[in-house]
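Visitor: My structure is below; once you've seen it, I'll send some questions.
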Amino acid sequence: MRVIKDKSVIDDEWSLIRKLDSSASIPEGSVILPFSFWQANRDILLKSKKNHAIWIDGSIETESLVDDLEFFSIIALDFPTFKDGRSYSHARLLRERYGYKGELRAIGDVLQDQLFFMQRCGIDCFQIRDDKDIEQALNSFEAFSKCYQAAADDAIPIQKQRKFK
Amino acid sequence: MYKYDNYDHAIVNERVQQFRDQTRRFLAGDLSDDEFRPLRLMNGLYIQTHAPMLRVAIPYGLLSSKQLRMLAHISRKYDKGYGHFSTRQNIQFNWPALETAPDILADLATVEMHAIQTSGNCIRNTTSDQFAGIAKDELEDPRPYCEIIRQWSTFHPEFSFLPRKFKIAVSGSEGDRAAAQVHDIGLYLVSNQKGEVGFSVFVGGGLGRTPYIGKCIRDFLEKKYLLSYIEAILRVYNRFGRRDNIYKARIKILVNAVGKEEFGKQVEAEWEHIKEGVLKLEQKDIDHAQSFFTSPTYDEDAVDVNSFNEVKKSNSAFSNWAGRNLYPHKIPGYEAVVISLKAPKIAPGDATDEQMDFIADLSDQYSFGEIIVTHDQNLVLPNVKQADLFSLWEKLETQNLATSNIGLLTDMICCPGLDFCSLANAGSIPIAKQINEKFDDMDYLHDIGDIKIKMSGCMNACGHHHVGHIGILGVDKKGEEFYQLTLGGSAENDASLGDRLGPAVEKKEVANVIGKLLDVYVDLRQENERFLDTYRRVGIRPFKKNVYASN
């Protein structure tokens with residue numbers, strides 16, 4: 001599958017498992033697992049030395065992940081519809097408050113016109129919706145050259161750039 | 001007033017480019033209706049009954065004469081030669097073509113204006129007191145804080161897809177003229193026991209389907225924490241506000257579901273994490289914002305009470321106008337002039353391109369080139385010398401702008417209603433017309449005195465009917481337009497929600513019913529009581545009885 005990572009389109013080996021019964025056997029390969037599956041099988045998963053990846057949506061409290069952050073190389077944030085903005089708060093909290101350094105991947109209804117906001121919140125990988133042109137989506141990262149607020153990116157807010165008399 | 005620097009210009013110009021590209025992709029079929037909708041709404045563009053409607057932001061209602069001339073130009077070039085000033089101190093154009101919206105935004109950008117976040121589930125234009133900066137009862141000018149909030153909220157990356165729209169109002173005076181308690185966040189500038197000025201913070205007020213008065217969650221917030229505290233409120237709301245039902249998605253529902261104490265606790269807990277961070281305002285940030293809202297150079301010899309009183313004595317029409325349409329100014333010899341956009345036969349809040357140009361010229365001549373849009377849908381020239389009032393009034397007369405009805409029955413708040421809006425259940429403008437036709441006797445109107453009639457064409461309550469002394473809500477009954485009346489609402493310091501009078505009345509009866517309500521008031525009022533005071537004293541029963549007795 002092709003995703004945008006660090007503002008380039010790349011081929012990616014991870015596959016997303018949307019639903020998985022907690023009692024199911026552990027899937028092979030590079031898989032992004034539901035957080036509920038992780039919670040139920042945490043000890044077994046931790047014994048396998050591979051990289052771990054989970055996905056969450058806005059109904060999960062960000063705080064319930066914090067003890068496990070060191071184990072994840074990907075946290076995928078779901079946007080069941082692009083109008084559901086809860087995962088923006090997930091992203092900022094994970095980056096700014098809890099110091100998560102791994103990949104934050106936007107999944108679900110991920111569209112060009114939201115990428116600027118998503119990257120500002122610390123999301124660095126984007127699985128653009130299948131029917132959309134992923135190359136065209138790259139255009140949106142530079143929509144604005146200045147920002148009024150600090151967020152999880154390295155933009156310096158305008159207020160801090162202004163020269164005062 | 002605030003003046004853009006290169007940073008502000010860059011952002012607004014880039015927004016024009018972005019929206020031009022989004023519109024192009026929509027017209028080319030690359031964006032579906034559903035995908036384009038939130039994008040255009042965040043630019044104030046609705047698809048309405050007849051045509052798109054474009055809502056342009058007027059931050060805290062303040063316009064320069066140059067900006068007002070641009071609005072006149074836009075209404076002439078892209079619309080049908082008029083604009084509608086809204087209850088949120090914005091302006092709406094009812095007839096632009098979708099294809100021209102990017103060009104309108106480009107024109108607006110040349111005068112430091114935009115339509116950013118005038119709709120959509122994001123933080124909207126922050127509103128304030130129409131008499132900010134000139135009112136005698138003002139503790140501090142609220143507008144610098146509105147501007148700080150405007151900048152922080154513009155393209156906020158985390159809060160652009162909230163559960164629902166989000167409105168903030170800031171009031172800086174004893175008398176609340178910003179309706180702060182019916183906003184998602186209402187801020188009052190207050191001083192504490194040490195004499196320091198900060199904010200008291202109300203959350204969860206709002207009208208619409210489920211009206212609530214806001215709850216105070218913090219009595220005193222130091223100024224430096226303004227943004228961190230608001231960010232904490234927004235974050236709690238963004239995370240935990242309901243998203244399953246559009247009618248239960250406003251913050252008021254969350255606040256009332258978890259309770260004021262618990263909600264306040266959650267906000268304070270979130271705030272503890274961020275209060276000393278990058279959002280903390282430094283004194284120079286506040287100084288910078290305040291530097292744009294300095295007083296003009298007033299004429300120290302402006303006091304001219306004698307000749308002003310002389311003219312009033314000799315001209316009763318002028319005297320009536322001066323009695324209703326002036327607001328006391330903190331500088332002796334000056335008055336704030338309210339220009340009524342509620343002339344009979346005119347849709348409340350509408351102004352033609354010619355009138356807008358005319359008012360822009362008057363503001364240059366008489367009021368330091370500034371104009372303020374009020375949430376009652378009128379315009380204010382904030383700084384007029386008493387000596388100039390008569391000639392100003394004469395000029396206003398020539399353009400049908402001198403109706404002496406500010407605060408009177410015919411100074412109604414009215415949404416666009418069924419005539420324009422695709423959400424409406426019933427007309428509002430025809431009811432305003434009916435009321436104007438029935439109550440055309442100025443002596444009667446002056447005798448009735450202060451009364452606020454507020455009217456909405458549906459329960460979304462754009463006309464704020466819940467907080468009208470008399471509220472009128474349009475409802476649909478099996479395809480017929482009916483009107484539900486409420487009594488006793490207020491949006492001021494004594495904020496309250498109106499009580500339902502009884503069954504909805506037929507369209508043709510609305511003005512008659514108001515007449516019956518006023519009869520009761522005239523009958524029962526005590527000295528100096530306004531309609532609202534009498535209502536609060538005697539309750540709903542006598543009003544109900546007089547309206548429904550014959551049925």
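Following the order of the structure tokens, chains are lettered A, B, ..., residues in each are numbered from 1, and ligands are numbered from 1.
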Counting only C-alpha atoms, which residues from chain B have an atom at most 7 Å from any atom of chain A, and could you show them as a list of chain:residue names?
Guide: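 Listing them in order of chain and number gives B:Tyr7, B:Ile11, B:Glu14, B:Gln18, B:Gln151, B:Trp152, B:His156, B:Pro157, B:Glu158, B:Phe161, B:Leu162, B:Arg235, B:Asn238, B:Arg239.
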Visitor: Please produce an output containing C-alpha atoms for each residue in the selection, written as an mmCIF file, in the first residue's frame.
Guide:
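As a result, part_6.cif now contains:
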```
data_model
loop_
_atom_site.group_PDB
_atom_site.id
_atom_site.type_symbol
_atom_site.label_atom_id
_atom_site.label_comp_id
_atom_site.auth_asym_id
_atom_site.auth_seq_id
_atom_site.Cartn_x
_atom_site.Cartn_y
_atom_site.Cartn_z
ATOM 1 C CA TYR B 7 1.992 37.741 8.812
ATOM 2 C CA ILE B 11 -2.327 33.982 5.977
ATOM 3 C CA GLU B 14 -2.921 32.022 1.268
ATOM 4 C CA GLN B 18 -6.475 27.582 -0.932
ATOM 5 C CA GLN B 151 -5.566 35.081 15.962
ATOM 6 C CA TRP B 152 -5.212 32.045 18.218
ATOM 7 C CA HIS B 156 -6.382 26.175 14.916
ATOM 8 C CA PRO B 157 -5.094 22.755 13.888
ATOM 9 C CA GLU B 158 -6.698 20.836 16.731
ATOM 10 C CA PHE B 161 -13.403 19.801 13.421
ATOM 11 C CA LEU B 162 -15.198 20.245 16.714
ATOM 12 C CA ARG B 235 -9.704 20.373 24.382
ATOM 13 C CA ASN B 238 -13.225 18.323 21.462
ATOM 14 C CA ARG B 239 -12.450 15.069 23.225
#
```
Visitor: As a PDB file with C-alpha atoms, in the first residue's frame, which residues of region 26-123 of chain A does DSSP assign to helix (DSSP H, G or I)?
Guide:
```
ATOM      1  CA  PHE A  35      -5.917  -1.443  20.708  1.00  0.00           C
ATOM      2  CA  SER A  36      -8.396  -3.765  22.413  1.00  0.00           C
ATOM      3  CA  PHE A  37      -6.484  -6.751  20.993  1.00  0.00           C
ATOM      4  CA  TRP A  38      -3.240  -5.286  22.291  1.00  0.00           C
ATOM      5  CA  GLN A  39      -4.701  -4.866  25.741  1.00  0.00           C
ATOM      6  CA  ALA A  40      -6.001  -8.437  25.833  1.00  0.00           C
ATOM      7  CA  ASN A  41      -2.794 -10.017  24.509  1.00  0.00           C
ATOM      8  CA  ARG A  42      -0.200  -7.574  25.761  1.00  0.00           C
ATOM      9  CA  ASP A  43       2.069 -10.063  27.541  1.00  0.00           C
ATOM     10  CA  ILE A  44       2.212 -12.525  24.646  1.00  0.00           C
ATOM     11  CA  LEU A  45       2.771  -9.750  22.121  1.00  0.00           C
ATOM     12  CA  LEU A  46       5.579  -8.288  24.180  1.00  0.00           C
ATOM     13  CA  LYS A  47       7.413 -11.631  24.118  1.00  0.00           C
ATOM     14  CA  THR A  62      -5.434   8.933  25.187  1.00  0.00           C
ATOM     15  CA  GLU A  63      -4.279   8.356  28.743  1.00  0.00           C
ATOM     16  CA  SER A  64      -4.987   4.624  28.497  1.00  0.00           C
ATOM     17  CA  LEU A  65      -2.041   4.240  26.070  1.00  0.00           C
ATOM     18  CA  VAL A  66       0.624   6.101  27.948  1.00  0.00           C
ATOM     19  CA  ASP A  67       2.154   3.201  29.865  1.00  0.00           C
ATOM     20  CA  ASP A  68       2.766   1.297  26.640  1.00  0.00           C
ATOM     21  CA  LEU A  69       4.060   4.032  24.346  1.00  0.00           C
ATOM     22  CA  GLU A  70       7.623   2.733  24.393  1.00  0.00           C
ATOM     23  CA  PHE A  71       6.496  -0.481  22.710  1.00  0.00           C
ATOM     24  CA  ARG A  86     -11.041  13.829  18.210  1.00  0.00           C
ATOM     25  CA  SER A  87      -7.887  12.267  16.841  1.00  0.00           C
ATOM     26  CA  TYR A  88      -6.323  15.724  16.475  1.00  0.00           C
ATOM     27  CA  SER A  89      -6.336  15.928  20.275  1.00  0.00           C
ATOM     28  CA  HIS A  90      -4.923  12.386  20.513  1.00  0.00           C
ATOM     29  CA  ALA A  91      -2.059  13.403  18.263  1.00  0.00           C
ATOM     30  CA  ARG A  92      -1.127  16.553  20.156  1.00  0.00           C
ATOM     31  CA  LEU A  93      -1.350  14.869  23.536  1.00  0.00           C
ATOM     32  CA  LEU A  94       0.751  11.899  22.425  1.00  0.00           C
ATOM     33  CA  ARG A  95       3.434  14.144  20.959  1.00  0.00           C
ATOM     34  CA  GLU A  96       3.455  17.130  23.276  1.00  0.00           C
ATOM     35  CA  ARG A  97       2.438  15.710  26.631  1.00  0.00           C
ATOM     36  CA  GLN A 112      -6.087  16.268   1.207  1.00  0.00           C
ATOM     37  CA  ASP A 113      -7.722  19.275   2.802  1.00  0.00           C
ATOM     38  CA  GLN A 114      -7.168  18.081   6.348  1.00  0.00           C
ATOM     39  CA  LEU A 115      -3.486  17.162   6.011  1.00  0.00           C
ATOM     40  CA  PHE A 116      -2.214  20.605   6.935  1.00  0.00           C
ATOM     41  CA  PHE A 117      -3.990  20.456  10.298  1.00  0.00           C
ATOM     42  CA  MET A 118      -3.025  16.829  10.875  1.00  0.00           C
ATOM     43  CA  GLN A 119       0.680  17.395  10.334  1.00  0.00           C
ATOM     44  CA  ARG A 120       0.554  20.377  12.692  1.00  0.00           C
TER      45      ARG A 120
END
```
Visitor: Mind the document's chain letters and residue numbers, and return as an MDAnalysis selection string the residues of region 38-95 of chain A that DSSP labels strand (DSSP E).
Guide: chainID A and resid 52:56 72:79
Visitor: Generate the output file for the selected residues, N, CA and C atoms, as a compact mmCIF listing (two decimals), in the first residue's frame.
Guide:
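Saved file out_2.txt follows:
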```txt
# COMPACT_ATOMS: atom_id res chain seq x y z
N HIS A 52 5.67 -3.25 17.22
CA HIS A 52 4.24 -3.29 17.50
C HIS A 52 3.55 -2.04 16.97
N ALA A 53 2.33 -2.27 16.50
CA ALA A 53 1.53 -1.16 15.98
C ALA A 53 0.08 -1.36 16.38
N ILE A 54 -0.56 -0.29 16.78
CA ILE A 54 -1.97 -0.38 17.16
C ILE A 54 -2.74 0.77 16.52
N TRP A 55 -4.06 0.64 16.52
CA TRP A 55 -4.86 1.78 16.08
C TRP A 55 -5.92 2.10 17.13
N ILE A 56 -6.26 3.38 17.21
CA ILE A 56 -7.29 3.83 18.14
C ILE A 56 -8.20 4.83 17.42
N PHE A 72 5.41 0.87 21.02
CA PHE A 72 4.76 1.05 19.71
C PHE A 72 5.68 1.73 18.72
N SER A 73 5.77 1.16 17.53
CA SER A 73 6.45 1.92 16.48
C SER A 73 5.45 2.68 15.61
N ILE A 74 4.20 2.24 15.64
CA ILE A 74 3.13 3.00 14.96
C ILE A 74 1.91 3.08 15.88
N ILE A 75 1.39 4.29 16.00
CA ILE A 75 0.03 4.42 16.54
C ILE A 75 -0.80 5.02 15.41
N ALA A 76 -1.79 4.26 14.95
CA ALA A 76 -2.66 4.78 13.89
C ALA A 76 -3.88 5.43 14.53
N LEU A 77 -4.21 6.61 14.04
CA LEU A 77 -5.33 7.37 14.58
C LEU A 77 -6.45 7.36 13.55
N ASP A 78 -7.61 6.91 13.97
CA ASP A 78 -8.71 6.74 13.02
C ASP A 78 -9.54 8.02 12.91
N PHE A 79 -9.89 8.34 11.68
CA PHE A 79 -10.85 9.39 11.39
C PHE A 79 -12.04 8.72 10.70
```
Visitor: Report the distance between CA of Leu41 (chain B) and CA of His114 (chain B) in Å, rounded to one decimal place.
Guide: 12.9 Å
Visitor: Can you pull out the residues contacting Ala257 (chain B)? Cut-off 12 Å, using only C-alpha atoms, and skip same-chain residues under 4 positions away; I want them as a PDB file with C-alpha atoms, in the first residue's frame.
Guide:
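Final output, saved to selection25.pdb:
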```
ATOM      1  CA  GLY B 204     -22.143  26.321  28.061  1.00  0.00           C
ATOM      2  CA  PHE B 240     -15.639  14.490  25.154  1.00  0.00           C
ATOM      3  CA  GLY B 241     -18.404  16.476  23.456  1.00  0.00           C
ATOM      4  CA  ARG B 242     -21.093  14.340  21.835  1.00  0.00           C
ATOM      5  CA  LYS B 248     -26.735  17.381  21.349  1.00  0.00           C
ATOM      6  CA  ALA B 249     -23.268  18.315  20.178  1.00  0.00           C
ATOM      7  CA  ARG B 250     -22.855  21.840  21.547  1.00  0.00           C
ATOM      8  CA  ILE B 251     -20.706  22.287  24.641  1.00  0.00           C
ATOM      9  CA  LYS B 252     -23.786  23.270  26.664  1.00  0.00           C
ATOM     10  CA  ILE B 253     -25.036  19.684  26.460  1.00  0.00           C
ATOM     11  CA  GLU B 261     -18.461  21.303  38.925  1.00  0.00           C
ATOM     12  CA  GLU B 262     -17.199  18.220  37.132  1.00  0.00           C
ATOM     13  CA  PHE B 263     -16.761  20.052  33.860  1.00  0.00           C
TER      14      PHE B 263
END
```
Visitor: Which residues are close to Phe220 (chain B), i.e. within 10 Å by only C-alpha atoms, leaving aside same-chain residues fewer than 6 positions away? Reply as an MDAnalysis selection string.
Guide: chainID B and resid 188:192 196:201
Visitor: Those residues you just picked out, can you put them in a file as a PDB file, in the first residue's frame with C-alpha atoms?
Guide:
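Writing done, so here's part19.pdb:
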```pdb
ATOM      1  CA  TYR B 188     -16.269  39.223  31.492  1.00  0.00           C
ATOM      2  CA  LEU B 189     -13.402  41.532  32.327  1.00  0.00           C
ATOM      3  CA  VAL B 190     -13.585  41.921  36.103  1.00  0.00           C
ATOM      4  CA  SER B 191     -11.309  43.162  38.855  1.00  0.00           C
ATOM      5  CA  ASN B 192     -10.441  41.067  41.891  1.00  0.00           C
ATOM      6  CA  GLU B 196      -6.119  43.365  39.261  1.00  0.00           C
ATOM      7  CA  VAL B 197      -8.119  42.970  36.085  1.00  0.00           C
ATOM      8  CA  GLY B 198      -8.792  39.505  34.720  1.00  0.00           C
ATOM      9  CA  PHE B 199     -11.684  37.445  33.414  1.00  0.00           C
ATOM     10  CA  SER B 200     -14.598  35.587  34.841  1.00  0.00           C
ATOM     11  CA  VAL B 201     -15.327  32.602  32.649  1.00  0.00           C
TER      12      VAL B 201
END
```
Visitor: Please provide the set of residues having any atom within 10 Å of Asp494 (chain B), restricted to only C-alpha atoms, with same-chain residues fewer than 6 positions apart removed, written as an MDAnalysis selection string.
Guide: chainID B and resid 175:176 181
Visitor: Create the file for the chosen residues now, containing N, CA and C atoms and written as a PDB file, in the first residue's frame.
Guide:
```pdb
ATOM      1  N   GLY B 175     -22.462  46.743  32.273  1.00  0.00           N
ATOM      2  CA  GLY B 175     -23.639  46.307  31.532  1.00  0.00           C
ATOM      3  C   GLY B 175     -23.201  45.397  30.415  1.00  0.00           C
ATOM      4  N   ASP B 176     -23.765  44.196  30.363  1.00  0.00           N
ATOM      5  CA  ASP B 176     -23.360  43.242  29.333  1.00  0.00           C
ATOM      6  C   ASP B 176     -24.136  43.522  28.053  1.00  0.00           C
ATOM      7  N   GLN B 181     -23.521  35.554  28.211  1.00  0.00           N
ATOM      8  CA  GLN B 181     -23.987  34.335  28.877  1.00  0.00           C
ATOM      9  C   GLN B 181     -24.775  33.394  27.975  1.00  0.00           C
TER      10      GLN B 181
END
```
Visitor: Mind checking which residues fall within 12 Å of Glu135 (chain A), counting only C-alpha atoms, ignoring those fewer than 6 positions away in the same chain, and posting them as an NGL selection string?
Guide: :A and (2-4 or 7-10 or 111-112 or 126-128 or 141)
Visitor: Fewer than 5 positions away in the same chain doesn't count, so skip those; otherwise give me all residues within 9 Å of region 437-454 of chain B, counting only C-alpha atoms, as a PyMOL selection string.
Guide: chain B and resi 320+324+344-345+404-415+432+463-473+489-490+511-512+515+518+521-522+530-532
Visitor: May I have the selected residues written with C-alpha atoms, as a PDB file, in the first residue's frame?
Guide:
```pdb
ATOM      1  CA  ASN B 320     -37.020  62.127  19.240  1.00  0.00           C
ATOM      2  CA  ARG B 324     -33.530  57.102  21.207  1.00  0.00           C
ATOM      3  CA  PRO B 344     -40.349  50.372   8.151  1.00  0.00           C
ATOM      4  CA  LYS B 345     -40.627  48.208   5.008  1.00  0.00           C
ATOM      5  CA  SER B 404     -35.867  56.963  15.760  1.00  0.00           C
ATOM      6  CA  ASN B 405     -36.532  53.503  17.067  1.00  0.00           C
ATOM      7  CA  ILE B 406     -33.440  52.162  18.812  1.00  0.00           C
ATOM      8  CA  GLY B 407     -34.554  49.886  21.629  1.00  0.00           C
ATOM      9  CA  LEU B 408     -38.212  50.261  20.637  1.00  0.00           C
ATOM     10  CA  LEU B 409     -40.663  47.669  19.425  1.00  0.00           C
ATOM     11  CA  THR B 410     -39.700  48.049  15.766  1.00  0.00           C
ATOM     12  CA  ASP B 411     -35.962  47.671  16.490  1.00  0.00           C
ATOM     13  CA  MET B 412     -36.473  43.946  16.077  1.00  0.00           C
ATOM     14  CA  ILE B 413     -33.855  41.270  15.714  1.00  0.00           C
ATOM     15  CA  CYS B 414     -34.772  39.065  12.815  1.00  0.00           C
ATOM     16  CA  CYS B 415     -33.099  36.178  11.017  1.00  0.00           C
ATOM     17  CA  ALA B 432     -41.290  42.121  10.834  1.00  0.00           C
ATOM     18  CA  GLY B 463     -32.722  35.564  15.802  1.00  0.00           C
ATOM     19  CA  HIS B 464     -32.136  34.804  19.518  1.00  0.00           C
ATOM     20  CA  HIS B 465     -35.868  34.515  20.225  1.00  0.00           C
ATOM     21  CA  HIS B 466     -35.271  32.824  23.603  1.00  0.00           C
ATOM     22  CA  VAL B 467     -33.766  36.014  24.999  1.00  0.00           C
ATOM     23  CA  GLY B 468     -36.265  38.472  23.549  1.00  0.00           C
ATOM     24  CA  HIS B 469     -38.556  40.287  25.977  1.00  0.00           C
ATOM     25  CA  ILE B 470     -40.995  38.971  23.417  1.00  0.00           C
ATOM     26  CA  GLY B 471     -39.572  36.055  21.434  1.00  0.00           C
ATOM     27  CA  ILE B 472     -41.139  34.828  18.213  1.00  0.00           C
ATOM     28  CA  LEU B 473     -40.296  31.413  16.812  1.00  0.00           C
ATOM     29  CA  GLY B 489     -36.186  36.555  27.973  1.00  0.00           C
ATOM     30  CA  SER B 490     -33.090  38.696  28.334  1.00  0.00           C
ATOM     31  CA  ALA B 511     -48.930  41.512  15.281  1.00  0.00           C
ATOM     32  CA  ASN B 512     -52.413  41.426  16.834  1.00  0.00           C
ATOM     33  CA  GLY B 515     -50.867  44.273  20.507  1.00  0.00           C
ATOM     34  CA  LEU B 518     -48.785  45.401  25.025  1.00  0.00           C
ATOM     35  CA  TYR B 521     -48.407  45.900  29.857  1.00  0.00           C
ATOM     36  CA  VAL B 522     -49.932  49.377  29.491  1.00  0.00           C
ATOM     37  CA  ARG B 530     -40.183  48.369  31.089  1.00  0.00           C
ATOM     38  CA  PHE B 531     -42.241  45.578  29.536  1.00  0.00           C
ATOM     39  CA  LEU B 532     -39.725  43.064  30.896  1.00  0.00           C
TER      40      LEU B 532
END
```
Visitor: Please, what distance in Å, to one decimal, runs between CA of Ala491 (chain B) and CA of Ile185 (chain B)?
Guide: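 Computed distance, CA of Ala491 (chain B) to CA of Ile185 (chain B), equals 14.2 Å.
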Visitor: From the options B:Arg37, B:Glu231, B:Arg15, B:Ile217, which residue's atoms come nearest to Ile123 (chain B), counting only C-alpha atoms?
Guide: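 Between B:Arg37, B:Glu231, B:Arg15, B:Ile217, the residue approaching Ile123 (chain B) most closely is B:Glu231.
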Visitor: Just checking: using only C-alpha atoms, which residue out of B:Gln22, B:Glu480, B:Pro142, B:Gly474 ends up closest to Phe293 (chain B)?
Guide: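 Comparing B:Gln22, B:Glu480, B:Pro142, B:Gly474 against Phe293 (chain B), the winner is B:Pro142.
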Visitor: Quick one: distance from CA of Ile134 (chain A) to CA of Pro27 (chain A) in Å, one decimal?
Guide: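 About the pair CA of Ile134 (chain A) and CA of Pro27 (chain A): they are 28.3 Å apart.
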